[in-house]
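Q: If you scroll down you'll find the structure; I have some questions about it.
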Amino acid sequence: MTLPGPIAPPARLLMGPGPISAYPSVLQSMSNALVGQYDPFMTNAMVETQQLYRGVWGTANDATLLVDGTSRAGIEAAMISLVRPGDRVLVPVFGRFGHLLAEIAERALAEVHTIEVPWGQVVPVSAVEEAIVRVKPHLVALVQGDTSTTMLQPLEEVGALCAKHGALFYSDATASLGGNAFEADAWGLDAATAGLQKCLGGPSGSAPITLSERAVDVIRSRKRVEAGIREAGDASADDFVRSNYFDLGQILDYWGPRRLNHHTEATSMLYAARECARLLLAEGREAVIARHRTAGDAMLAGVQGLGLTVFGDVAHKMTNVVAVEIPEGVPGDAARSAMLEDFGIEIGTSFGPLHGKVWRIGTMGYNARKDAVLTTLSALESVLHRFGASTPRGGGVEAAADVFRAAATASSSPVSP
Ligand SMILES: *Cc1c(COP(=O)(O)O)cnc(C)c1O
């Protein structure tokens with residue numbers, strides 16, 4: 001075997017549903033020197049990261065930290081630590097990631113109840129309430145933004161319903177956090193998890209999580225494991241979290257003042273996660289959401305300007321991703337390959353019932369930018385044309401540029417009295 005050279009990835013503009021191109025300063029942060037896990041610099045960086053993510057999540061929760069691993073690590077840690085075998089879990093499903101929550105709850109040996117709506121819609125809050133009253137769940141697990149369908153589930157009222165009926169409220173906000181409003185405290189979340197590779201503009205591999213006091217109490221009511229030794233007594237196996245790596249009790253002890261060793265915090269990912277949050281708060285939470293909204297509206301107008309049909313209930317779309325129907329006669333995978341090979345631009349395919357029917361185009365984090373949007377639309381027009389679709393010439397770029405112009409005018413015009 002010839003020895004490969006150092007890794008040298010090609011230049012890509014990642015305009016799919018995630019992962020996306022990271023902010024340059026996030027990549028730079030990861031190339032910093034490593035320090036030991038109990039170096040005061042490291043523990044201080046952990047404390048700073050917790051404080052930054054309180055700002056990102058909109059929470060005062062002390063238990064705001066990172067789970068090492070991709071977004072799914074956060075989901076699994078939350079579920080397996082909050083749910084005991086036999087607990088009832090309610091999962092309203094409106095896309096692929098709702099099915100994932102149900103599947104993980106099943107592996108945690110929960111009694112899982114789902115309600116479903118067709119892909120392209122969100123779950124009416126009345127249906128969530130009806131199911132809570134009927135099922136009396138210990139936990140309601142609800143995705144905020146499901147990238148498989150692009151829909152953004154309204155969460156504002158669900159927390160109060162859960163509190164009224166004694167259920168914990170958990171949300172997977174991986175796809176939406178940063179680009180859409182999220183208010184962990186105001187909306188009554190007990191647990192929420194995310195990843196970096198969507199609107200936060202980092203690589204995958206770290207899962208921010210925040211837990212309410214109520215959630216921490218539930219976790220603390222499980223039997224403890226410390227330094228690999230199980231709490232004594234005649235506890236049954238179900239009293240222990242059925243995972244060592246995802247045992248939030250131990251992870252909280254590591255991030256908390258006792259700093260009890262559990263895993264070794266992934267140092268370079270901590271640097272990245274810290275920088276993602278720092279950038280977001282430096283630009284301003286509202287400003288980042290507004291930038292995502294403008295870029296998303298521009299991409300939406302652009303694909304419509306190319307004569308493409310948008311999938312799903314656009315009124316409930318996330319700001320940061322759009323699903324477009326692949327026009328009749330255009331080979332979806334070949335067109336995506338042409339985007340990648342000829343233009344270095346990645347757009348997304350789809351799963352399940354949408355497979356082969358829609359492309360998903362994201363405008364997230366660093367790529368929620370005018371030049372990224374216009375370049376993508378220009379390339380898409382060229383590729384569609386090559387595969388025989390008749391698209392209005394320049395129609396995508398012009399429609400998108402209009403949206404950016406209008407947004408710039410609105411933000412620079414004086415506020416009316
Ligand atoms: C993208 C996404 C994930 C990704 O999980 P990973 O483990 O980071 O691949 C999880 N949940 C939702 C809702 C997503 O959109």
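Identifiers for the structure tokens are assigned positionally: chains receive A, B, ... in sequence, residues are indexed from 1 per chain, and ligands are indexed from 1 in the order shown.
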Just want the 8 Å neighbourhood of range 345-349 of chain A, counted on only C-alpha atoms, with same-chain residues fewer than 3 positions away dropped. Output as a VMD selection string.

A: chain A and resid 12 to 17 333 336 339 to 341 355 to 356 358 to 362 376

Q: Now that the selection is made, can you save its residues with C-alpha atoms as a short mmCIF file (atom, residue, chain, number, x, y, z; two decimals), in the first residue's frame?

A:
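Result went into part.cif, see below:
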data_model
loop_
_atom_site.label_atom_id
_atom_site.label_comp_id
_atom_site.auth_asym_id
_atom_site.auth_seq_id
_atom_site.Cartn_x
_atom_site.Cartn_y
_atom_site.Cartn_z
CA ARG A 12 -16.85 22.66 -0.91
CA LEU A 13 -19.83 24.87 -0.30
CA LEU A 14 -22.06 22.73 1.90
CA MET A 15 -25.64 23.82 1.15
CA GLY A 16 -27.43 20.67 2.24
CA PRO A 17 -29.49 20.09 5.39
CA ASP A 333 -28.96 12.07 -8.06
CA ARG A 336 -26.79 16.59 -7.33
CA MET A 339 -23.65 20.36 -8.53
CA LEU A 340 -20.86 18.75 -6.52
CA GLU A 341 -18.44 17.85 -9.28
CA HIS A 355 -36.60 9.83 -1.23
CA GLY A 356 -36.03 10.66 -4.89
CA VAL A 358 -37.17 16.33 -3.23
CA TRP A 359 -33.80 17.95 -2.75
CA ARG A 360 -33.11 19.77 0.49
CA ILE A 361 -31.16 22.99 0.36
CA GLY A 362 -29.85 24.54 3.56
CA THR A 376 -26.02 27.98 -5.31
#

Q: At a cut-off of 8 Å around ligand 1, and using only C-alpha atoms and all ligand atoms, what residues come up? Please write them as an MDAnalysis selection string.

A: chainID A and resid 17:19 69:73 75 97:98 143:148 172:176 194:198 204:205 207

Q: Between CA of Ala399 in chain A and CA of Asn320 in chain A, what is the spacing in Å?

A: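 If I compute the distance from CA of Asn320 in chain A to CA of Ala399 in chain A, I get 17.4 Å.
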
Q: Using only C-alpha atoms, find each residue of range 196-296 of chain A with at least one atom at most 10 Å away from an atom of range 51-68 of chain A; report its shortest atom-to-atom pair and that distance in Å (one decimal), sort the rows by chain and rising residue number, and return the result as a Markdown table.

A:
| residue | atom | partner | partner_atom | distance |
| --- | --- | --- | --- | --- |
| A:Leu200 | CA | A:Val56 | CA | 9.6 |
| A:Gly205 | CA | A:Asp68 | CA | 6.6 |
| A:Ser206 | CA | A:Asp68 | CA | 5.0 |
| A:Ala207 | CA | A:Val67 | CA | 5.0 |
| A:Pro208 | CA | A:Leu66 | CA | 4.3 |
| A:Ile209 | CA | A:Leu65 | CA | 5.5 |
| A:Thr210 | CA | A:Thr64 | CA | 4.2 |
| A:Leu211 | CA | A:Ala63 | CA | 5.3 |
| A:Ser212 | CA | A:Asn61 | CA | 5.7 |
| A:Glu213 | CA | A:Asn61 | CA | 7.2 |
| A:Ala215 | CA | A:Ala63 | CA | 9.4 |
| A:Val216 | CA | A:Ala63 | CA | 7.5 |
| A:Tyr245 | CA | A:Asp68 | CA | 9.2 |
| A:Phe246 | CA | A:Val67 | CA | 8.0 |
| A:Leu248 | CA | A:Val67 | CA | 8.7 |
| A:Ile251 | CA | A:Val67 | CA | 7.8 |
| A:Leu252 | CA | A:Ala63 | CA | 7.2 |
| A:Trp255 | CA | A:Leu65 | CA | 7.2 |
| A:Gly256 | CA | A:Ala63 | CA | 8.3 |
| A:His263 | CA | A:Asp68 | CA | 8.8 |
| A:Thr264 | CA | A:Asp68 | CA | 9.2 |
| A:Glu265 | CA | A:Asp68 | CA | 7.1 |
| A:Ala266 | CA | A:Asp68 | CA | 6.5 |
| A:Thr267 | CA | A:Asp68 | CA | 9.8 |
| A:Met269 | CA | A:Asp68 | CA | 8.1 |
| A:Leu270 | CA | A:Leu66 | CA | 8.0 |
| A:Ala273 | CA | A:Leu66 | CA | 8.4 |
| A:Arg274 | CA | A:Leu52 | CA | 7.2 |
| A:Glu275 | CA | A:Leu52 | CA | 9.3 |
| A:Cys276 | CA | A:Leu52 | CA | 9.4 |
| A:Ala277 | CA | A:Leu52 | CA | 5.9 |
| A:Arg278 | CA | A:Leu52 | CA | 6.5 |
| A:Leu279 | CA | A:Leu52 | CA | 9.9 |
| A:Leu280 | CA | A:Val56 | CA | 7.5 |
| A:Leu281 | CA | A:Val56 | CA | 7.1 |
| A:Gly284 | CA | A:Val56 | CA | 9.6 |
| A:Arg285 | CA | A:Val56 | CA | 7.2 |

Q: Using the selection just defined, write its residues with N, CA, C and O atoms as a tab-separated table (two decimals), in the first residue's frame.

A:
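Done, and the output landed in part.tsv:
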chain	number	residue	atom	x	y	z
A	200	LEU	N	-25.51	26.29	14.14
A	200	LEU	CA	-24.42	26.77	15.00
A	200	LEU	C	-23.09	26.87	14.26
A	200	LEU	O	-22.14	27.46	14.76
A	205	GLY	N	-20.04	16.43	16.30
A	205	GLY	CA	-19.16	15.79	17.27
A	205	GLY	C	-19.29	16.33	18.69
A	205	GLY	O	-18.58	15.86	19.58
A	206	SER	N	-20.19	17.28	18.89
A	206	SER	CA	-20.45	17.76	20.25
A	206	SER	C	-21.93	18.06	20.35
A	206	SER	O	-22.52	18.61	19.42
A	207	ALA	N	-22.53	17.67	21.48
A	207	ALA	CA	-23.98	17.84	21.65
A	207	ALA	C	-24.28	18.71	22.86
A	207	ALA	O	-24.28	18.23	24.00
A	208	PRO	N	-24.55	20.01	22.63
A	208	PRO	CA	-24.97	20.86	23.74
A	208	PRO	C	-26.28	20.35	24.33
A	208	PRO	O	-27.17	19.91	23.60
A	209	ILE	N	-26.39	20.41	25.65
A	209	ILE	CA	-27.60	19.95	26.34
A	209	ILE	C	-27.89	20.90	27.49
A	209	ILE	O	-26.96	21.44	28.10
A	210	THR	N	-29.17	21.13	27.76
A	210	THR	CA	-29.54	21.89	28.96
A	210	THR	C	-30.65	21.14	29.67
A	210	THR	O	-31.52	20.54	29.03
A	211	LEU	N	-30.60	21.16	31.02
A	211	LEU	CA	-31.53	20.38	31.83
A	211	LEU	C	-32.09	21.26	32.95
A	211	LEU	O	-31.33	21.94	33.65
A	212	SER	N	-33.40	21.23	33.11
A	212	SER	CA	-34.04	22.00	34.19
A	212	SER	C	-33.74	21.33	35.54
A	212	SER	O	-33.28	20.18	35.59
A	213	GLU	N	-34.04	22.04	36.62
A	213	GLU	CA	-33.84	21.44	37.95
A	213	GLU	C	-34.68	20.19	38.12
A	213	GLU	O	-34.25	19.21	38.73
A	215	ALA	N	-35.54	18.12	35.78
A	215	ALA	CA	-34.88	17.03	35.06
A	215	ALA	C	-33.68	16.51	35.86
A	215	ALA	O	-33.46	15.30	35.95
A	216	VAL	N	-32.92	17.45	36.44
A	216	VAL	CA	-31.76	17.02	37.24
A	216	VAL	C	-32.21	16.19	38.43
A	216	VAL	O	-31.59	15.17	38.77
A	245	TYR	N	-21.67	5.49	29.29
A	245	TYR	CA	-21.21	6.69	28.58
A	245	TYR	C	-22.25	7.79	28.63
A	245	TYR	O	-21.92	8.97	28.73
A	246	PHE	N	-23.54	7.42	28.53
A	246	PHE	CA	-24.61	8.41	28.46
A	246	PHE	C	-25.31	8.62	29.80
A	246	PHE	O	-26.42	9.13	29.84
A	248	LEU	N	-26.16	10.65	32.47
A	248	LEU	CA	-26.04	12.09	32.74
A	248	LEU	C	-25.68	12.39	34.19
A	248	LEU	O	-25.08	13.43	34.47
A	251	ILE	N	-22.04	12.41	34.04
A	251	ILE	CA	-21.56	13.53	33.21
A	251	ILE	C	-21.72	14.85	33.97
A	251	ILE	O	-20.85	15.71	33.94
A	252	LEU	N	-22.83	14.97	34.71
A	252	LEU	CA	-23.03	16.17	35.54
A	252	LEU	C	-21.97	16.26	36.64
A	252	LEU	O	-21.49	17.36	36.96
A	255	TRP	N	-18.87	17.67	34.99
A	255	TRP	CA	-18.94	19.10	34.66
A	255	TRP	C	-19.17	19.96	35.90
A	255	TRP	O	-18.94	21.17	35.86
A	256	GLY	N	-19.63	19.35	36.97
A	256	GLY	CA	-19.96	20.10	38.18
A	256	GLY	C	-18.73	20.35	39.03
A	256	GLY	O	-17.62	19.98	38.66
A	263	HIS	N	-15.58	10.53	31.46
A	263	HIS	CA	-14.81	10.41	30.22
A	263	HIS	C	-13.73	11.50	30.24
A	263	HIS	O	-13.62	12.24	31.22
A	264	THR	N	-12.95	11.58	29.18
A	264	THR	CA	-12.00	12.69	29.02
A	264	THR	C	-12.64	13.67	28.05
A	264	THR	O	-12.91	13.32	26.90
A	265	GLU	N	-12.97	14.87	28.52
A	265	GLU	CA	-13.67	15.81	27.66
A	265	GLU	C	-12.91	15.99	26.33
A	265	GLU	O	-11.69	16.14	26.31
A	266	ALA	N	-13.67	15.95	25.23
A	266	ALA	CA	-13.07	16.06	23.89
A	266	ALA	C	-12.62	17.50	23.68
A	266	ALA	O	-13.41	18.38	23.33
A	267	THR	N	-11.35	17.72	23.93
A	267	THR	CA	-10.82	19.09	24.06
A	267	THR	C	-11.05	19.93	22.80
A	267	THR	O	-11.55	21.05	22.87
A	269	MET	N	-13.15	19.54	20.41
A	269	MET	CA	-14.57	19.78	20.20
A	269	MET	C	-15.09	20.82	21.18
A	269	MET	O	-16.00	21.58	20.86
A	270	LEU	N	-14.53	20.84	22.39
A	270	LEU	CA	-14.93	21.88	23.35
A	270	LEU	C	-14.55	23.25	22.80
A	270	LEU	O	-15.34	24.19	22.85
A	273	ALA	N	-17.10	24.04	20.11
A	273	ALA	CA	-18.44	24.34	20.64
A	273	ALA	C	-18.45	25.73	21.30
A	273	ALA	O	-19.40	26.50	21.14
A	274	ARG	N	-17.37	26.02	22.01
A	274	ARG	CA	-17.25	27.33	22.66
A	274	ARG	C	-17.26	28.44	21.62
A	274	ARG	O	-17.96	29.44	21.76
A	275	GLU	N	-16.51	28.24	20.53
A	275	GLU	CA	-16.43	29.28	19.50
A	275	GLU	C	-17.77	29.44	18.76
A	275	GLU	O	-18.15	30.56	18.43
A	276	CYS	N	-18.48	28.35	18.52
A	276	CYS	CA	-19.80	28.44	17.88
A	276	CYS	C	-20.73	29.34	18.71
A	276	CYS	O	-21.41	30.22	18.17
A	277	ALA	N	-20.74	29.10	20.01
A	277	ALA	CA	-21.63	29.88	20.88
A	277	ALA	C	-21.15	31.32	21.01
A	277	ALA	O	-21.95	32.26	21.01
A	278	ARG	N	-19.83	31.47	21.09
A	278	ARG	CA	-19.27	32.82	21.23
A	278	ARG	C	-19.61	33.67	20.01
A	278	ARG	O	-20.04	34.82	20.13
A	279	LEU	N	-19.45	33.08	18.81
A	279	LEU	CA	-19.79	33.81	17.59
A	279	LEU	C	-21.26	34.20	17.56
A	279	LEU	O	-21.62	35.30	17.18
A	280	LEU	N	-22.11	33.25	17.96
A	280	LEU	CA	-23.55	33.50	17.91
A	280	LEU	C	-23.91	34.67	18.84
A	280	LEU	O	-24.65	35.58	18.45
A	281	LEU	N	-23.37	34.65	20.06
A	281	LEU	CA	-23.73	35.70	21.01
A	281	LEU	C	-23.07	37.04	20.64
A	281	LEU	O	-23.63	38.10	20.91
A	284	GLY	N	-25.23	38.37	18.07
A	284	GLY	CA	-26.54	38.62	18.70
A	284	GLY	C	-27.53	37.55	18.29
A	284	GLY	O	-27.67	37.25	17.11
A	285	ARG	N	-28.22	36.97	19.28
A	285	ARG	CA	-29.15	35.87	18.98
A	285	ARG	C	-30.20	36.30	17.95
A	285	ARG	O	-30.47	35.57	17.01

Q: In range 36-280 of chain A, what's strand (DSSP E) per DSSP? Answer as a VMD selection string?

A: chain A and resid 63 to 68 88 to 93 111 to 116 139 to 143 145 to 146 151 to 152 168 to 172 191 to 193 206 to 211 225 to 226 229 to 230

Q: What lies within 10 Å of range 299-308 of chain A using only C-alpha atoms, ignoring chain neighbours under 4 positions off, as a ChimeraX atom specification?

A: /A:293-295,314,319-327,361-363,368,370,372-374,376-378,380-381,384,389-403

Q: Please indicate the distance in Å from CA of Pro10 in chain A to CA of Asp297 in chain A, rounded to one decimal place.

A: 28.8 Å

Q: Could you tell me how far CA of Val93 in chain A lies from CA of Pro118 in chain A, in Å and to one decimal?

A: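 About the pair CA of Val93 in chain A and CA of Pro118 in chain A: they are 8.9 Å apart.
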
Q: What's around Gly188 in chain A at 10 Å? Count only C-alpha atoms, leave out sequence neighbours fewer than 6 positions away in its own chain, and write the answer as a ChimeraX atom specification.

A: /A:59,155-163,168-170,212

Q: Kindly save the residues from that selection, with N, CA, C and O atoms included, as an mmCIF file, in the first residue's frame.

A:
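Dumped everything to part.cif:
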data_model
loop_
_atom_site.group_PDB
_atom_site.id
_atom_site.type_symbol
_atom_site.label_atom_id
_atom_site.label_comp_id
_atom_site.auth_asym_id
_atom_site.auth_seq_id
_atom_site.Cartn_x
_atom_site.Cartn_y
_atom_site.Cartn_z
ATOM 1 N N THR A 59 -31.580 30.201 28.819
ATOM 2 C CA THR A 59 -31.858 29.511 30.086
ATOM 3 C C THR A 59 -30.936 29.979 31.193
ATOM 4 O O THR A 59 -29.826 30.463 30.918
ATOM 5 N N LEU A 155 -43.292 25.102 19.761
ATOM 6 C CA LEU A 155 -43.084 24.503 21.088
ATOM 7 C C LEU A 155 -43.634 25.383 22.207
ATOM 8 O O LEU A 155 -43.758 24.922 23.350
ATOM 9 N N GLU A 156 -43.949 26.647 21.879
ATOM 10 C CA GLU A 156 -44.242 27.651 22.903
ATOM 11 C C GLU A 156 -45.243 27.172 23.950
ATOM 12 O O GLU A 156 -45.093 27.458 25.130
ATOM 13 N N GLU A 157 -46.296 26.468 23.504
ATOM 14 C CA GLU A 157 -47.380 26.138 24.441
ATOM 15 C C GLU A 157 -47.232 24.750 25.055
ATOM 16 O O GLU A 157 -47.972 24.394 25.966
ATOM 17 N N VAL A 158 -46.315 23.959 24.532
ATOM 18 C CA VAL A 158 -46.257 22.557 24.951
ATOM 19 C C VAL A 158 -45.715 22.411 26.376
ATOM 20 O O VAL A 158 -46.169 21.559 27.136
ATOM 21 N N GLY A 159 -44.782 23.295 26.750
ATOM 22 C CA GLY A 159 -44.197 23.203 28.090
ATOM 23 C C GLY A 159 -45.239 23.368 29.185
ATOM 24 O O GLY A 159 -45.255 22.614 30.162
ATOM 25 N N ALA A 160 -46.130 24.345 28.991
ATOM 26 C CA ALA A 160 -47.168 24.585 29.992
ATOM 27 C C ALA A 160 -48.096 23.377 30.089
ATOM 28 O O ALA A 160 -48.517 22.988 31.179
ATOM 29 N N LEU A 161 -48.416 22.761 28.942
ATOM 30 C CA LEU A 161 -49.265 21.565 28.951
ATOM 31 C C LEU A 161 -48.587 20.429 29.711
ATOM 32 O O LEU A 161 -49.225 19.720 30.492
ATOM 33 N N CYS A 162 -47.294 20.260 29.463
ATOM 34 C CA CYS A 162 -46.555 19.193 30.153
ATOM 35 C C CYS A 162 -46.540 19.456 31.657
ATOM 36 O O CYS A 162 -46.785 18.541 32.451
ATOM 37 N N ALA A 163 -46.264 20.702 32.036
ATOM 38 C CA ALA A 163 -46.200 21.042 33.462
ATOM 39 C C ALA A 163 -47.552 20.775 34.125
ATOM 40 O O ALA A 163 -47.626 20.209 35.220
ATOM 41 N N LEU A 168 -42.451 15.519 31.948
ATOM 42 C CA LEU A 168 -41.227 16.223 31.569
ATOM 43 C C LEU A 168 -41.319 16.537 30.082
ATOM 44 O O LEU A 168 -41.910 15.781 29.310
ATOM 45 N N PHE A 169 -40.681 17.649 29.678
ATOM 46 C CA PHE A 169 -40.737 18.078 28.281
ATOM 47 C C PHE A 169 -39.318 18.141 27.727
ATOM 48 O O PHE A 169 -38.489 18.906 28.210
ATOM 49 N N TYR A 170 -39.058 17.313 26.698
ATOM 50 C CA TYR A 170 -37.736 17.266 26.060
ATOM 51 C C TYR A 170 -37.869 17.626 24.578
ATOM 52 O O TYR A 170 -38.816 17.189 23.920
ATOM 53 N N SER A 212 -33.400 21.232 33.110
ATOM 54 C CA SER A 212 -34.037 21.998 34.188
ATOM 55 C C SER A 212 -33.735 21.335 35.537
ATOM 56 O O SER A 212 -33.282 20.185 35.591
#

Q: Could you pull the residues within 9 Å of Phe387 in chain A, counting only C-alpha atoms, minus those fewer than 5 positions along the same chain, as a CSV table (one decimal) with all heavy atoms, in the first residue's frame?

A:
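The resulting file, result.csv, is reproduced below:
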chain,number,residue,atom,x,y,z
A,329,GLY,N,-38.6,14.5,-15.0
A,329,GLY,CA,-37.6,14.2,-16.1
A,329,GLY,C,-36.2,14.5,-15.7
A,329,GLY,O,-35.2,14.1,-16.4
A,330,VAL,N,-36.0,15.2,-14.6
A,330,VAL,CA,-34.6,15.5,-14.1
A,330,VAL,C,-34.1,14.4,-13.2
A,330,VAL,O,-34.8,14.1,-12.2
A,330,VAL,CB,-34.5,16.9,-13.4
A,330,VAL,CG1,-33.2,17.1,-12.8
A,330,VAL,CG2,-34.9,18.0,-14.3
A,331,PRO,N,-33.0,13.7,-13.5
A,331,PRO,CA,-32.5,12.7,-12.6
A,331,PRO,C,-31.9,13.3,-11.3
A,331,PRO,O,-30.8,14.0,-11.4
A,331,PRO,CB,-31.4,12.0,-13.5
A,331,PRO,CG,-31.0,13.0,-14.5
A,331,PRO,CD,-32.1,14.0,-14.6
A,334,ALA,N,-28.1,12.4,-10.3
A,334,ALA,CA,-27.2,12.9,-11.3
A,334,ALA,C,-27.0,14.4,-11.2
A,334,ALA,O,-25.9,15.0,-11.4
A,334,ALA,CB,-27.6,12.5,-12.7
A,335,ALA,N,-28.1,15.1,-11.0
A,335,ALA,CA,-28.1,16.6,-10.9
A,335,ALA,C,-27.3,17.0,-9.6
A,335,ALA,O,-26.5,17.9,-9.7
A,335,ALA,CB,-29.5,17.1,-10.9
A,382,SER,N,-28.0,26.3,-13.9
A,382,SER,CA,-27.2,25.8,-14.9
A,382,SER,C,-27.4,24.2,-15.0
A,382,SER,O,-27.6,23.7,-16.1
A,382,SER,CB,-25.7,26.1,-14.7
A,382,SER,OG,-24.9,25.3,-15.4

Q: From the set A:Ala379, A:Arg291, A:Ala184, A:Asn44, which residue has the shortest atom-to-atom contact distance to Tyr366 in chain A, counting only C-alpha atoms?

A: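 Distance minimum relative to Tyr366 in chain A lands on A:Arg291.
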
Q: Can you check which residues of range 64-307 of chain A DSSP gives as helix (DSSP H, G or I) on the backbone and send them as a PyMOL selection string?

A: chain A and resi 71-82+96-107+125-135+158-164+213-220+237-239+248-255+267-283+285-305

Q: Which residues come within 8 Å of Ile289 in chain A, counting only C-alpha atoms, excluding same-chain residues fewer than 6 positions away, as a PyMOL selection string?

A: chain A and resi 178-181

Q: Output N, CA, C and O atoms for every residue in that selection, as a PDB file, in the first residue's frame.

A:
ATOM      1  N   GLY A 178     -30.327  28.240  16.976  1.00  0.00           N
ATOM      2  CA  GLY A 178     -29.455  29.276  16.417  1.00  0.00           C
ATOM      3  C   GLY A 178     -30.108  29.992  15.246  1.00  0.00           C
ATOM      4  O   GLY A 178     -29.976  31.199  15.110  1.00  0.00           O
ATOM      5  N   GLY A 179     -30.831  29.265  14.413  1.00  0.00           N
ATOM      6  CA  GLY A 179     -31.451  29.877  13.237  1.00  0.00           C
ATOM      7  C   GLY A 179     -32.926  30.168  13.411  1.00  0.00           C
ATOM      8  O   GLY A 179     -33.557  30.799  12.551  1.00  0.00           O
ATOM      9  N   ASN A 180     -33.492  29.682  14.497  1.00  0.00           N
ATOM     10  CA  ASN A 180     -34.914  29.863  14.801  1.00  0.00           C
ATOM     11  C   ASN A 180     -34.996  30.129  16.305  1.00  0.00           C
ATOM     12  O   ASN A 180     -34.130  29.694  17.054  1.00  0.00           O
ATOM     13  N   ALA A 181     -36.057  30.808  16.741  1.00  0.00           N
ATOM     14  CA  ALA A 181     -36.153  31.126  18.165  1.00  0.00           C
ATOM     15  C   ALA A 181     -36.186  29.849  18.995  1.00  0.00           C
ATOM     16  O   ALA A 181     -36.778  28.840  18.581  1.00  0.00           O
TER      17      ALA A 181
END

Q: Using only C-alpha atoms, pick whichever of A:Ile7, A:Leu34, A:Ala315, A:Ala287 has the shortest atom-to-atom distance to Ser411 in chain A.

A: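 The answer is A:Ala287, which sits nearest to Ser411 in chain A.
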
Q: Residues within 9 Å of Phe240 in chain A, please, as a list in words. Count only C-alpha atoms; anything in the same chain fewer than 5 positions from it doesn't count.

A: Ser81, Arg84, Arg222, Lys223, Arg224, Val225, Arg230, Ala235 and Asp247 of chain A

Q: So that I have them on file, write out the residues from the current selection with all heavy atoms, as a short mmCIF file (atom, residue, chain, number, x, y, z; two decimals), in the first residue's frame.

A:
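Everything below was put into result_14.cif:
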data_model
loop_
_atom_site.label_atom_id
_atom_site.label_comp_id
_atom_site.auth_asym_id
_atom_site.auth_seq_id
_atom_site.Cartn_x
_atom_site.Cartn_y
_atom_site.Cartn_z
N SER A 81 -31.28 8.70 30.43
CA SER A 81 -31.10 9.14 31.82
C SER A 81 -32.42 9.58 32.45
O SER A 81 -32.60 9.50 33.66
CB SER A 81 -30.10 10.30 31.88
OG SER A 81 -28.86 9.90 31.36
N ARG A 84 -36.95 5.57 32.90
CA ARG A 84 -36.71 4.23 33.45
C ARG A 84 -37.50 3.23 32.65
O ARG A 84 -38.55 3.58 32.10
CB ARG A 84 -37.22 4.15 34.89
CG ARG A 84 -36.38 4.83 35.91
CD ARG A 84 -37.16 4.87 37.24
NE ARG A 84 -36.67 5.97 38.03
CZ ARG A 84 -35.89 5.82 39.11
NH1 ARG A 84 -35.56 4.63 39.52
NH2 ARG A 84 -35.45 6.87 39.76
N ARG A 222 -31.93 8.46 40.12
CA ARG A 222 -31.41 7.15 39.69
C ARG A 222 -30.27 6.75 40.63
O ARG A 222 -29.66 7.59 41.27
CB ARG A 222 -30.87 7.24 38.24
CG ARG A 222 -31.80 7.84 37.22
CD ARG A 222 -33.03 7.02 36.95
NE ARG A 222 -32.79 5.73 36.34
CZ ARG A 222 -32.85 5.48 35.02
NH1 ARG A 222 -33.08 6.45 34.16
NH2 ARG A 222 -32.67 4.25 34.56
N LYS A 223 -29.96 5.46 40.68
CA LYS A 223 -28.84 5.02 41.52
C LYS A 223 -27.52 5.54 40.95
O LYS A 223 -27.34 5.64 39.75
CB LYS A 223 -28.82 3.49 41.60
CG LYS A 223 -29.99 2.93 42.39
CD LYS A 223 -29.86 3.23 43.87
CE LYS A 223 -31.09 2.72 44.62
NZ LYS A 223 -31.10 3.17 46.01
N ARG A 224 -26.63 5.87 41.85
CA ARG A 224 -25.37 6.51 41.44
C ARG A 224 -24.28 5.50 41.12
O ARG A 224 -24.18 4.46 41.76
CB ARG A 224 -24.83 7.38 42.58
CG ARG A 224 -25.44 8.72 42.68
CD ARG A 224 -24.73 9.49 43.79
NE ARG A 224 -23.94 10.57 43.22
CZ ARG A 224 -24.44 11.79 43.02
NH1 ARG A 224 -25.68 12.07 43.28
NH2 ARG A 224 -23.67 12.74 42.52
N VAL A 225 -23.46 5.91 40.16
CA VAL A 225 -22.22 5.19 39.89
C VAL A 225 -21.12 6.23 40.02
O VAL A 225 -21.23 7.32 39.49
CB VAL A 225 -22.22 4.60 38.46
CG1 VAL A 225 -20.90 3.90 38.18
CG2 VAL A 225 -23.39 3.64 38.28
N ARG A 230 -20.66 0.99 41.57
CA ARG A 230 -22.09 1.17 41.75
C ARG A 230 -22.44 1.40 43.20
O ARG A 230 -21.86 0.79 44.10
CB ARG A 230 -22.84 -0.08 41.28
CG ARG A 230 -22.91 -0.18 39.78
CD ARG A 230 -23.64 -1.44 39.43
NE ARG A 230 -24.07 -1.39 38.05
CZ ARG A 230 -25.20 -1.92 37.60
NH1 ARG A 230 -26.01 -2.54 38.41
NH2 ARG A 230 -25.51 -1.84 36.33
N ALA A 235 -30.44 -2.34 44.98
CA ALA A 235 -31.10 -1.72 43.84
C ALA A 235 -31.24 -2.73 42.69
O ALA A 235 -30.40 -3.61 42.53
CB ALA A 235 -30.26 -0.54 43.36
N ASP A 247 -24.69 8.23 30.89
CA ASP A 247 -25.27 8.41 32.22
C ASP A 247 -25.09 9.87 32.62
O ASP A 247 -24.01 10.29 33.06
CB ASP A 247 -24.55 7.47 33.21
CG ASP A 247 -25.10 7.56 34.62
OD1 ASP A 247 -25.93 8.47 34.88
OD2 ASP A 247 -24.70 6.73 35.45
#

Q: Given the choices A:Ile80, A:Leu142, A:Ala22, A:Val89, which gets closest to Cys199 in chain A if the distance is worked out from only C-alpha atoms?

A: A:Ala22

Q: Pick out the closest residue to Asn367 in chain A from this set: A:Glu226, A:Ser21, A:Ala237, A:Ala108. Count only C-alpha atoms.

A: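 Going through A:Glu226, A:Ser21, A:Ala237, A:Ala108 one by one, the smallest distance to Asn367 in chain A is for A:Ser21.
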